[in-house]
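Student: Input file: my_file16.csv. Contents: CSV, N, CA and C atoms.
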```
chain,number,residue,atom,x,y,z
A,1,MET,N,-14.7,-58.9,-205.1
A,1,MET,CA,-13.5,-59.3,-204.3
A,1,MET,C,-12.2,-58.9,-205.1
A,2,ARG,N,-12.3,-59.2,-206.4
A,2,ARG,CA,-11.1,-58.9,-207.3
A,2,ARG,C,-10.9,-57.4,-207.3
A,3,VAL,N,-11.9,-56.6,-207.4
A,3,VAL,CA,-11.8,-55.1,-207.3
A,3,VAL,C,-11.2,-54.7,-206.0
A,4,PHE,N,-11.6,-55.3,-204.9
A,4,PHE,CA,-11.1,-54.9,-203.6
A,4,PHE,C,-9.6,-55.2,-203.5
A,5,THR,N,-9.2,-56.4,-204.0
A,5,THR,CA,-7.8,-56.8,-204.0
A,5,THR,C,-6.9,-55.8,-204.9
A,6,ILE,N,-7.5,-55.4,-206.0
A,6,ILE,CA,-6.8,-54.4,-206.9
A,6,ILE,C,-6.6,-53.1,-206.2
A,7,LEU,N,-7.7,-52.7,-205.5
A,7,LEU,CA,-7.6,-51.4,-204.7
A,7,LEU,C,-6.6,-51.5,-203.6
A,8,ILE,N,-6.5,-52.6,-202.9
A,8,ILE,CA,-5.5,-52.7,-201.8
A,8,ILE,C,-4.1,-52.6,-202.4
A,9,LEU,N,-3.9,-53.3,-203.5
A,9,LEU,CA,-2.6,-53.3,-204.2
A,9,LEU,C,-2.2,-51.9,-204.7
A,10,PHE,N,-3.3,-51.2,-205.2
A,10,PHE,CA,-3.1,-49.8,-205.6
A,10,PHE,C,-2.7,-48.9,-204.5
A,11,PHE,N,-3.4,-49.0,-203.3
A,11,PHE,CA,-3.0,-48.2,-202.2
A,11,PHE,C,-1.7,-48.5,-201.6
A,12,ILE,N,-1.3,-49.8,-201.6
A,12,ILE,CA,0.0,-50.2,-201.1
A,12,ILE,C,1.1,-49.6,-202.0
A,13,SER,N,0.9,-49.7,-203.3
A,13,SER,CA,2.0,-49.2,-204.2
A,13,SER,C,2.0,-47.7,-204.1
A,14,ALA,N,0.8,-47.0,-204.0
A,14,ALA,CA,0.8,-45.6,-203.9
A,14,ALA,C,1.5,-45.1,-202.6
A,15,SER,N,1.2,-45.8,-201.5
A,15,SER,CA,1.9,-45.4,-200.3
A,15,SER,C,3.4,-45.6,-200.3
A,16,SER,N,3.8,-46.7,-201.0
A,16,SER,CA,5.2,-47.0,-201.2
A,16,SER,C,5.9,-45.9,-202.0
A,17,ILE,N,5.2,-45.5,-203.1
A,17,ILE,CA,5.8,-44.4,-203.9
A,17,ILE,C,5.9,-43.1,-203.1
A,18,ALA,N,4.8,-42.8,-202.4
A,18,ALA,CA,4.8,-41.6,-201.5
A,18,ALA,C,5.9,-41.6,-200.5
A,19,GLN,N,6.1,-42.8,-199.9
A,19,GLN,CA,7.2,-42.9,-198.9
A,19,GLN,C,8.6,-42.7,-199.5
A,20,THR,N,8.8,-43.3,-200.7
A,20,THR,CA,10.0,-43.1,-201.5
A,20,THR,C,10.3,-41.7,-201.8
A,21,GLN,N,9.2,-41.0,-202.2
A,21,GLN,CA,9.3,-39.6,-202.5
A,21,GLN,C,9.7,-38.8,-201.3
A,22,ILE,N,9.1,-39.1,-200.1
A,22,ILE,CA,9.4,-38.4,-198.9
A,22,ILE,C,10.9,-38.6,-198.5
A,23,GLU,N,11.3,-39.9,-198.6
A,23,GLU,CA,12.7,-40.2,-198.3
A,23,GLU,C,13.7,-39.5,-199.2
A,24,ASP,N,13.3,-39.4,-200.5
A,24,ASP,CA,14.2,-38.6,-201.5
A,24,ASP,C,14.2,-37.2,-201.1
A,25,GLN,N,13.1,-36.6,-200.8
A,25,GLN,CA,13.1,-35.2,-200.4
A,25,GLN,C,13.9,-34.9,-199.1
A,26,THR,N,13.8,-35.9,-198.2
A,26,THR,CA,14.6,-35.7,-196.9
A,26,THR,C,16.1,-35.8,-197.3
A,27,GLN,N,16.5,-36.7,-198.1
A,27,GLN,CA,17.9,-36.8,-198.5
A,27,GLN,C,18.3,-35.5,-199.2
A,28,ASP,N,17.5,-35.0,-200.1
A,28,ASP,CA,17.8,-33.8,-200.8
A,28,ASP,C,18.0,-32.6,-199.8
A,29,GLN,N,17.1,-32.5,-198.8
A,29,GLN,CA,17.2,-31.5,-197.9
A,29,GLN,C,18.5,-31.6,-197.0
A,30,GLN,N,18.9,-32.9,-196.7
A,30,GLN,CA,20.1,-33.1,-195.9
A,30,GLN,C,21.3,-32.7,-196.7
A,31,GLU,N,21.3,-33.1,-198.0
A,31,GLU,CA,22.4,-32.8,-198.9
A,31,GLU,C,22.6,-31.3,-199.0
A,32,VAL,N,21.5,-30.6,-199.1
A,32,VAL,CA,21.5,-29.1,-199.2
A,32,VAL,C,22.0,-28.4,-198.0
A,33,THR,N,21.6,-28.9,-196.8
A,33,THR,CA,21.9,-28.3,-195.5
A,33,THR,C,23.2,-28.6,-195.0
A,34,GLU,N,23.8,-29.7,-195.4
A,34,GLU,CA,25.2,-30.1,-194.9
A,34,GLU,C,26.2,-29.3,-195.7
A,35,PRO,N,26.9,-28.3,-195.1
A,35,PRO,CA,27.9,-27.6,-195.9
A,35,PRO,C,29.2,-28.4,-196.1
A,36,THR,N,29.8,-28.1,-197.2
A,36,THR,CA,31.1,-28.7,-197.4
A,36,THR,C,32.2,-28.1,-196.6
A,37,LYS,N,33.4,-28.7,-196.6
A,37,LYS,CA,34.5,-28.2,-195.9
A,37,LYS,C,34.9,-26.8,-196.3
A,38,GLU,N,34.8,-26.5,-197.7
A,38,GLU,CA,35.1,-25.2,-198.2
A,38,GLU,C,34.1,-24.2,-197.7
A,39,GLU,N,32.9,-24.6,-197.7
A,39,GLU,CA,31.8,-23.6,-197.3
A,39,GLU,C,32.0,-23.3,-195.8
A,40,LEU,N,32.4,-24.3,-195.0
A,40,LEU,CA,32.6,-24.1,-193.6
A,40,LEU,C,33.8,-23.1,-193.4
A,41,LYS,N,34.9,-23.3,-194.2
A,41,LYS,CA,36.0,-22.4,-194.1
A,41,LYS,C,35.6,-21.0,-194.4
A,42,ALA,N,34.9,-20.9,-195.5
A,42,ALA,CA,34.4,-19.6,-196.0
A,42,ALA,C,33.6,-18.9,-194.9
A,43,GLU,N,32.7,-19.7,-194.3
A,43,GLU,CA,31.8,-19.1,-193.3
A,43,GLU,C,32.6,-18.7,-192.1
A,44,LYS,N,33.6,-19.5,-191.7
A,44,LYS,CA,34.4,-19.2,-190.5
A,44,LYS,C,35.2,-17.9,-190.8
A,45,LYS,N,35.7,-17.8,-192.0
A,45,LYS,CA,36.5,-16.6,-192.4
A,45,LYS,C,35.6,-15.4,-192.4
A,46,ARG,N,34.4,-15.5,-192.9
A,46,ARG,CA,33.4,-14.4,-192.8
A,46,ARG,C,33.1,-14.0,-191.4
A,47,PHE,N,32.9,-14.9,-190.5
A,47,PHE,CA,32.7,-14.6,-189.1
A,47,PHE,C,34.0,-14.0,-188.5
A,48,ALA,N,35.1,-14.4,-188.9
A,48,ALA,CA,36.4,-13.8,-188.4
A,48,ALA,C,36.5,-12.4,-188.8
A,49,ASP,N,36.2,-12.1,-190.1
A,49,ASP,CA,36.2,-10.8,-190.6
A,49,ASP,C,35.3,-9.8,-189.9
A,50,LEU,N,34.0,-10.3,-189.7
A,50,LEU,CA,33.0,-9.5,-189.0
A,50,LEU,C,33.4,-9.3,-187.5
A,51,ALA,N,34.0,-10.3,-186.9
A,51,ALA,CA,34.4,-10.2,-185.5
A,51,ALA,C,35.6,-9.2,-185.4
A,52,GLU,N,36.5,-9.2,-186.4
A,52,GLU,CA,37.6,-8.3,-186.5
A,52,GLU,C,37.1,-6.8,-186.5
A,53,GLN,N,36.1,-6.6,-187.4
A,53,GLN,CA,35.5,-5.2,-187.5
A,53,GLN,C,34.9,-4.8,-186.2
A,54,ARG,N,34.1,-5.7,-185.6
A,54,ARG,CA,33.4,-5.4,-184.3
A,54,ARG,C,34.4,-5.2,-183.2
A,55,THR,N,35.5,-6.0,-183.2
A,55,THR,CA,36.5,-5.9,-182.1
A,55,THR,C,37.3,-4.6,-182.3
A,56,ILE,N,37.5,-4.1,-183.5
A,56,ILE,CA,38.2,-2.8,-183.7
A,56,ILE,C,37.3,-1.7,-183.1
A,57,LEU,N,36.0,-1.8,-183.4
A,57,LEU,CA,35.1,-0.7,-182.8
A,57,LEU,C,35.1,-0.8,-181.3
A,58,LEU,N,35.0,-2.0,-180.7
A,58,LEU,CA,35.0,-2.1,-179.3
A,58,LEU,C,36.4,-1.7,-178.7
A,59,GLN,N,37.5,-2.0,-179.4
A,59,GLN,CA,38.8,-1.6,-178.9
A,59,GLN,C,38.9,-0.1,-178.8
A,60,GLN,N,38.3,0.6,-179.8
A,60,GLN,CA,38.3,2.1,-179.7
A,60,GLN,C,37.4,2.6,-178.7
A,61,GLU,N,36.2,2.1,-178.6
A,61,GLU,CA,35.2,2.6,-177.6
A,61,GLU,C,35.6,2.3,-176.2
A,62,LEU,N,36.1,1.1,-176.0
A,62,LEU,CA,36.4,0.6,-174.6
A,62,LEU,C,37.8,0.8,-174.2
A,63,ASN,N,38.7,1.2,-175.1
A,63,ASN,CA,40.1,1.3,-174.8
A,63,ASN,C,40.7,0.0,-174.4
A,64,LEU,N,40.5,-1.0,-175.2
A,64,LEU,CA,41.0,-2.4,-174.9
A,64,LEU,C,42.5,-2.5,-175.3
A,65,SER,N,43.1,-3.4,-174.5
A,65,SER,CA,44.5,-3.8,-174.9
A,65,SER,C,44.4,-4.8,-176.0
A,66,ASN,N,45.6,-5.0,-176.7
A,66,ASN,CA,45.6,-6.0,-177.8
A,66,ASN,C,45.2,-7.4,-177.3
A,67,TYR,N,45.7,-7.7,-176.1
A,67,TYR,CA,45.4,-9.0,-175.5
A,67,TYR,C,43.9,-9.2,-175.3
A,68,THR,N,43.3,-8.2,-174.7
A,68,THR,CA,41.8,-8.2,-174.4
A,68,THR,C,41.1,-8.2,-175.7
A,69,SER,N,41.5,-7.5,-176.7
A,69,SER,CA,40.8,-7.4,-178.0
A,69,SER,C,40.8,-8.8,-178.7
A,70,ASP,N,42.0,-9.5,-178.6
A,70,ASP,CA,42.1,-10.8,-179.2
A,70,ASP,C,41.1,-11.8,-178.5
A,71,ARG,N,41.0,-11.7,-177.2
A,71,ARG,CA,40.1,-12.6,-176.4
A,71,ARG,C,38.6,-12.3,-176.8
A,72,ILE,N,38.3,-11.0,-176.9
A,72,ILE,CA,37.0,-10.6,-177.3
A,72,ILE,C,36.6,-11.1,-178.7
A,73,LYS,N,37.6,-11.0,-179.6
A,73,LYS,CA,37.4,-11.4,-180.9
A,73,LYS,C,37.0,-12.9,-181.0
A,74,ARG,N,37.7,-13.7,-180.2
A,74,ARG,CA,37.5,-15.2,-180.2
A,74,ARG,C,36.1,-15.5,-179.6
A,75,VAL,N,35.7,-14.7,-178.6
A,75,VAL,CA,34.3,-14.9,-178.0
A,75,VAL,C,33.3,-14.5,-179.1
A,76,ILE,N,33.5,-13.4,-179.8
A,76,ILE,CA,32.5,-13.0,-180.8
A,76,ILE,C,32.4,-14.1,-181.9
A,77,ILE,N,33.5,-14.6,-182.3
A,77,ILE,CA,33.5,-15.6,-183.4
A,77,ILE,C,32.7,-16.9,-182.9
A,78,LYS,N,33.0,-17.3,-181.7
A,78,LYS,CA,32.4,-18.5,-181.1
A,78,LYS,C,30.9,-18.3,-181.1
A,79,TYR,N,30.4,-17.2,-180.5
A,79,TYR,CA,29.0,-17.1,-180.3
A,79,TYR,C,28.3,-16.7,-181.6
A,80,SER,N,29.0,-16.0,-182.6
A,80,SER,CA,28.4,-15.7,-183.9
A,80,SER,C,28.1,-17.0,-184.6
A,81,MET,N,29.0,-18.0,-184.6
A,81,MET,CA,28.8,-19.2,-185.2
A,81,MET,C,27.6,-20.0,-184.6
A,82,GLN,N,27.5,-19.9,-183.3
A,82,GLN,CA,26.4,-20.6,-182.6
A,82,GLN,C,25.1,-19.9,-183.0
A,83,ALA,N,25.1,-18.6,-183.1
A,83,ALA,CA,23.9,-17.9,-183.5
A,83,ALA,C,23.5,-18.2,-184.9
A,84,SER,N,24.4,-18.3,-185.8
A,84,SER,CA,24.1,-18.7,-187.1
A,84,SER,C,23.5,-20.0,-187.2
A,85,LYS,N,24.0,-21.0,-186.5
A,85,LYS,CA,23.4,-22.3,-186.5
A,85,LYS,C,21.9,-22.3,-186.0
A,86,VAL,N,21.7,-21.5,-185.0
A,86,VAL,CA,20.3,-21.4,-184.4
A,86,VAL,C,19.4,-20.7,-185.5
A,87,ILE,N,19.9,-19.7,-186.1
A,87,ILE,CA,19.1,-19.0,-187.1
A,87,ILE,C,18.7,-19.9,-188.3
A,88,GLN,N,19.7,-20.7,-188.7
A,88,GLN,CA,19.5,-21.6,-189.8
A,88,GLN,C,18.7,-22.9,-189.5
A,89,SER,N,18.5,-23.1,-188.2
A,89,SER,CA,17.8,-24.4,-187.8
A,89,SER,C,16.3,-24.3,-188.1
A,90,ASN,N,15.7,-25.5,-188.0
A,90,ASN,CA,14.3,-25.6,-188.3
A,90,ASN,C,13.4,-25.4,-187.1
A,91,ALA,N,14.0,-24.9,-186.0
A,91,ALA,CA,13.2,-24.7,-184.8
A,91,ALA,C,12.2,-23.6,-185.0
A,92,SER,N,11.2,-23.6,-184.1
A,92,SER,CA,10.2,-22.6,-184.1
A,92,SER,C,10.8,-21.2,-183.8
A,93,GLU,N,10.1,-20.1,-184.1
A,93,GLU,CA,10.6,-18.8,-183.8
A,93,GLU,C,10.7,-18.6,-182.3
A,94,LYS,N,9.8,-19.2,-181.6
A,94,LYS,CA,9.9,-19.0,-180.1
A,94,LYS,C,11.2,-19.7,-179.6
A,95,GLU,N,11.5,-20.9,-180.1
A,95,GLU,CA,12.7,-21.6,-179.7
A,95,GLU,C,14.0,-20.8,-180.2
A,96,LYS,N,13.9,-20.3,-181.4
A,96,LYS,CA,15.1,-19.5,-181.9
A,96,LYS,C,15.3,-18.3,-181.0
A,97,THR,N,14.2,-17.6,-180.6
A,97,THR,CA,14.4,-16.4,-179.8
A,97,THR,C,15.0,-16.8,-178.5
A,98,LYS,N,14.5,-17.9,-177.9
A,98,LYS,CA,15.1,-18.3,-176.6
A,98,LYS,C,16.5,-18.7,-176.7
A,99,ASP,N,16.9,-19.4,-177.7
A,99,ASP,CA,18.3,-19.9,-177.9
A,99,ASP,C,19.2,-18.7,-178.2
A,100,LEU,N,18.7,-17.7,-179.0
A,100,LEU,CA,19.5,-16.5,-179.3
A,100,LEU,C,19.7,-15.7,-178.0
A,101,SER,N,18.7,-15.6,-177.2
A,101,SER,CA,18.8,-14.9,-175.9
A,101,SER,C,19.8,-15.5,-175.0
A,102,ASN,N,19.8,-16.9,-175.0
A,102,ASN,CA,20.8,-17.6,-174.2
A,102,ASN,C,22.2,-17.3,-174.8
A,103,ILE,N,22.4,-17.3,-176.1
A,103,ILE,CA,23.7,-17.0,-176.7
A,103,ILE,C,24.2,-15.7,-176.3
A,104,VAL,N,23.3,-14.6,-176.3
A,104,VAL,CA,23.7,-13.3,-175.9
A,104,VAL,C,24.1,-13.3,-174.4
A,105,TYR,N,23.3,-14.0,-173.6
A,105,TYR,CA,23.6,-14.0,-172.2
A,105,TYR,C,25.0,-14.6,-171.9
A,106,PHE,N,25.3,-15.8,-172.5
A,106,PHE,CA,26.6,-16.5,-172.3
A,106,PHE,C,27.7,-15.7,-172.9
A,107,GLN,N,27.5,-15.0,-174.0
A,107,GLN,CA,28.5,-14.2,-174.6
A,107,GLN,C,28.9,-13.0,-173.6
A,108,ASN,N,27.8,-12.4,-173.1
A,108,ASN,CA,28.1,-11.4,-172.1
A,108,ASN,C,28.8,-11.9,-170.8
A,109,GLU,N,28.4,-13.1,-170.4
A,109,GLU,CA,29.1,-13.7,-169.3
A,109,GLU,C,30.6,-13.8,-169.5
A,110,GLU,N,31.0,-14.2,-170.8
A,110,GLU,CA,32.4,-14.3,-171.1
A,110,GLU,C,33.0,-13.0,-171.2
A,111,PHE,N,32.3,-12.0,-171.7
A,111,PHE,CA,32.8,-10.6,-171.8
A,111,PHE,C,33.1,-10.1,-170.4
A,112,LYS,N,32.3,-10.5,-169.4
A,112,LYS,CA,32.5,-10.1,-168.0
A,112,LYS,C,33.8,-10.6,-167.5
A,113,LYS,N,34.2,-11.8,-167.9
A,113,LYS,CA,35.5,-12.3,-167.4
A,113,LYS,C,36.7,-11.6,-168.0
A,114,VAL,N,36.5,-11.0,-169.2
A,114,VAL,CA,37.6,-10.4,-169.9
A,114,VAL,C,37.7,-8.9,-169.7
A,115,LEU,N,36.6,-8.3,-169.6
A,115,LEU,CA,36.6,-6.8,-169.5
A,115,LEU,C,36.6,-6.4,-168.0
A,116,THR,N,37.1,-5.2,-167.8
A,116,THR,CA,37.0,-4.6,-166.4
A,116,THR,C,35.5,-4.2,-166.2
A,117,VAL,N,35.1,-3.9,-165.0
A,117,VAL,CA,33.8,-3.6,-164.7
A,117,VAL,C,33.3,-2.3,-165.5
A,118,HIS,N,34.2,-1.3,-165.5
A,118,HIS,CA,33.9,-0.1,-166.2
A,118,HIS,C,33.7,-0.4,-167.7
A,119,GLN,N,34.6,-1.2,-168.3
A,119,GLN,CA,34.5,-1.5,-169.7
A,119,GLN,C,33.2,-2.3,-170.0
A,120,PHE,N,32.9,-3.2,-169.1
A,120,PHE,CA,31.7,-4.0,-169.4
A,120,PHE,C,30.4,-3.2,-169.3
A,121,TYR,N,30.3,-2.3,-168.4
A,121,TYR,CA,29.1,-1.4,-168.3
A,121,TYR,C,29.1,-0.5,-169.5
A,122,LYS,N,30.2,0.0,-169.9
A,122,LYS,CA,30.3,0.8,-171.1
A,122,LYS,C,29.8,0.0,-172.4
A,123,TYR,N,30.3,-1.2,-172.4
A,123,TYR,CA,29.9,-2.1,-173.5
A,123,TYR,C,28.3,-2.3,-173.5
A,124,LEU,N,27.8,-2.5,-172.3
A,124,LEU,CA,26.3,-2.7,-172.2
A,124,LEU,C,25.6,-1.4,-172.7
A,125,LYS,N,26.1,-0.3,-172.3
A,125,LYS,CA,25.5,1.0,-172.8
A,125,LYS,C,25.6,1.1,-174.3
A,126,LEU,N,26.7,0.6,-174.9
A,126,LEU,CA,26.8,0.7,-176.4
A,126,LEU,C,25.8,-0.3,-177.1
A,127,THR,N,25.5,-1.4,-176.4
A,127,THR,CA,24.6,-2.3,-177.0
A,127,THR,C,23.2,-2.1,-176.6
A,128,ASN,N,23.0,-1.2,-175.7
A,128,ASN,CA,21.6,-0.8,-175.2
A,128,ASN,C,20.9,-2.0,-174.5
A,129,ILE,N,21.7,-2.8,-173.7
A,129,ILE,CA,21.1,-3.9,-173.0
A,129,ILE,C,20.8,-3.4,-171.6
```
Please re-express this file's structure in structure tokens.
Tutor:
Amino acid sequence: MRVFTILILFFISASSIAQTQIEDQTQDQQEVTEPTKEELKAEKKRFADLAEQRTILLQQELNLSNYTSDRIKRVIIKYSMQASKVIQSNASEKEKTKDLSNIVYFQNEEFKKVLTVHQFYKYLKLTNI
């Protein structure tokens, strides 16, 4: 009986230690994955720079006005940030693929609102969609 009691106490303390370790790991992962304000600013600047480069290329290829280029740039930044969050998420590959496809679809829908029909079809040709 005494051995049985000791074993039960051992298992209880072992499971408690394991639970504490799991909670510590979870906290460590949350701390690592939560970016600071400076990191968010740097990431947004990186997306803005990449969007600027892509917008310049689209402006040349599609003959966009400055106003249209600015709107396209904002759309690119918005959906690039969303795509980054999906890619960095812990979702399955199938879920990520579905989410990224949705992001491309909705980005193209916003492009339709900004571009002329001719410009939009030329854009689709450029992206091979």
Student: What is the distance, in Å and to one decimal place, between CA of Asp49 in chain A and CA of Tyr121 in chain A?
Tutor: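 Atom-to-atom, CA of Asp49 in chain A and CA of Tyr121 in chain A are spaced 25.2 Å apart.
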Student: Record the distance separating atom C of Leu126 in chain A and atom C of Met81 in chain A, expressed in Å with one decimal.
Tutor: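 A separation of 21.2 Å between them.
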Student: Which neighbours of Leu62 in chain A fall inside 8 Å, counting all atoms listed in the file, when residues of the same chain fewer than 5 positions from it are skipped, and could you give them as a list in words?
Tutor: Ile56, Leu57, His118, Gln119, Phe120, Lys122 and Tyr123 of chain A
Student: Please, could you write that set of residues out with N, CA and C atoms as a compact mmCIF listing (two decimals), keeping the file's coordinate frame?
Tutor:
```txt
# COMPACT_ATOMS: atom_id res chain seq x y z
N ILE A 56 37.50 -4.10 -183.50
CA ILE A 56 38.20 -2.80 -183.70
C ILE A 56 37.30 -1.70 -183.10
N LEU A 57 36.00 -1.80 -183.40
CA LEU A 57 35.10 -0.70 -182.80
C LEU A 57 35.10 -0.80 -181.30
N HIS A 118 34.20 -1.30 -165.50
CA HIS A 118 33.90 -0.10 -166.20
C HIS A 118 33.70 -0.40 -167.70
N GLN A 119 34.60 -1.20 -168.30
CA GLN A 119 34.50 -1.50 -169.70
C GLN A 119 33.20 -2.30 -170.00
N PHE A 120 32.90 -3.20 -169.10
CA PHE A 120 31.70 -4.00 -169.40
C PHE A 120 30.40 -3.20 -169.30
N LYS A 122 30.20 0.00 -169.90
CA LYS A 122 30.30 0.80 -171.10
C LYS A 122 29.80 0.00 -172.40
N TYR A 123 30.30 -1.20 -172.40
CA TYR A 123 29.90 -2.10 -173.50
C TYR A 123 28.30 -2.30 -173.50
```
Student: Which distance in Å separates CA of Glu39 in chain A and CA of Lys96 in chain A, to one decimal?
Tutor: 23.1 Å
Student: Skipping near chain neighbours, those fewer than 3 positions away, what residues fall within 8 Å of Leu100 in chain A using only N, CA and C atoms, listed as a list of chain:residue names?
Tutor: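 With the cut-off at 8 Å, the set is A:Gln82, A:Ala83, A:Val86, A:Ile87, A:Lys94, A:Glu95, A:Lys96, A:Thr97, A:Ile103, A:Val104, A:Tyr105, A:Phe106.
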Student: Go through A:Asn128, A:Lys98, A:Thr55, A:Glu43 one by one, measure the shortest atom-to-atom distance of each to Asp70 in chain A using all atoms listed in the file, and give the residue with the smallest value.
Tutor: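 Of A:Asn128, A:Lys98, A:Thr55, A:Glu43, the one nearest Asp70 in chain A, counting all atoms listed in the file, is A:Thr55.
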Student: With N, CA, C and O atoms as the target, complete range 58-77 of chain A and hand it back as a short mmCIF file (atom, residue, chain, number, x, y, z; two decimals), keeping the file's coordinate frame.
Tutor:
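For reference, selection_8.cif as written:
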```cif
data_model
loop_
_atom_site.label_atom_id
_atom_site.label_comp_id
_atom_site.auth_asym_id
_atom_site.auth_seq_id
_atom_site.Cartn_x
_atom_site.Cartn_y
_atom_site.Cartn_z
N LEU A 58 35.00 -2.00 -180.70
CA LEU A 58 35.00 -2.10 -179.30
C LEU A 58 36.40 -1.70 -178.70
O LEU A 58 36.40 -1.08 -177.61
N GLN A 59 37.50 -2.00 -179.40
CA GLN A 59 38.80 -1.60 -178.90
C GLN A 59 38.90 -0.10 -178.80
O GLN A 59 39.39 0.48 -177.80
N GLN A 60 38.30 0.60 -179.80
CA GLN A 60 38.30 2.10 -179.70
C GLN A 60 37.40 2.60 -178.70
O GLN A 60 37.80 3.54 -177.92
N GLU A 61 36.20 2.10 -178.60
CA GLU A 61 35.20 2.60 -177.60
C GLU A 61 35.60 2.30 -176.20
O GLU A 61 35.30 3.09 -175.30
N LEU A 62 36.10 1.10 -176.00
CA LEU A 62 36.40 0.60 -174.60
C LEU A 62 37.80 0.80 -174.20
O LEU A 62 38.17 0.38 -173.04
N ASN A 63 38.70 1.20 -175.10
CA ASN A 63 40.10 1.30 -174.80
C ASN A 63 40.70 0.00 -174.40
O ASN A 63 41.28 -0.13 -173.27
N LEU A 64 40.50 -1.00 -175.20
CA LEU A 64 41.00 -2.40 -174.90
C LEU A 64 42.50 -2.50 -175.30
O LEU A 64 42.93 -1.97 -176.27
N SER A 65 43.10 -3.40 -174.50
CA SER A 65 44.50 -3.80 -174.90
C SER A 65 44.40 -4.80 -176.00
O SER A 65 43.37 -5.31 -176.34
N ASN A 66 45.60 -5.00 -176.70
CA ASN A 66 45.60 -6.00 -177.80
C ASN A 66 45.20 -7.40 -177.30
O ASN A 66 44.53 -8.12 -177.98
N TYR A 67 45.70 -7.70 -176.10
CA TYR A 67 45.40 -9.00 -175.50
C TYR A 67 43.90 -9.20 -175.30
O TYR A 67 43.28 -10.20 -175.69
N THR A 68 43.30 -8.20 -174.70
CA THR A 68 41.80 -8.20 -174.40
C THR A 68 41.10 -8.20 -175.70
O THR A 68 40.07 -8.97 -175.87
N SER A 69 41.50 -7.50 -176.70
CA SER A 69 40.80 -7.40 -178.00
C SER A 69 40.80 -8.80 -178.70
O SER A 69 39.83 -9.24 -179.24
N ASP A 70 42.00 -9.50 -178.60
CA ASP A 70 42.10 -10.80 -179.20
C ASP A 70 41.10 -11.80 -178.50
O ASP A 70 40.44 -12.59 -179.16
N ARG A 71 41.00 -11.70 -177.20
CA ARG A 71 40.10 -12.60 -176.40
C ARG A 71 38.60 -12.30 -176.80
O ARG A 71 37.82 -13.20 -176.97
N ILE A 72 38.30 -11.00 -176.90
CA ILE A 72 37.00 -10.60 -177.30
C ILE A 72 36.60 -11.10 -178.70
O ILE A 72 35.53 -11.59 -178.91
N LYS A 73 37.60 -11.00 -179.60
CA LYS A 73 37.40 -11.40 -180.90
C LYS A 73 37.00 -12.90 -181.00
O LYS A 73 36.10 -13.35 -181.66
N ARG A 74 37.70 -13.70 -180.20
CA ARG A 74 37.50 -15.20 -180.20
C ARG A 74 36.10 -15.50 -179.60
O ARG A 74 35.38 -16.34 -180.12
N VAL A 75 35.70 -14.70 -178.60
CA VAL A 75 34.30 -14.90 -178.00
C VAL A 75 33.30 -14.50 -179.10
O VAL A 75 32.27 -15.24 -179.24
N ILE A 76 33.50 -13.40 -179.80
CA ILE A 76 32.50 -13.00 -180.80
C ILE A 76 32.40 -14.10 -181.90
O ILE A 76 31.28 -14.41 -182.30
N ILE A 77 33.50 -14.60 -182.30
CA ILE A 77 33.50 -15.60 -183.40
C ILE A 77 32.70 -16.90 -182.90
O ILE A 77 31.82 -17.39 -183.57
#
```
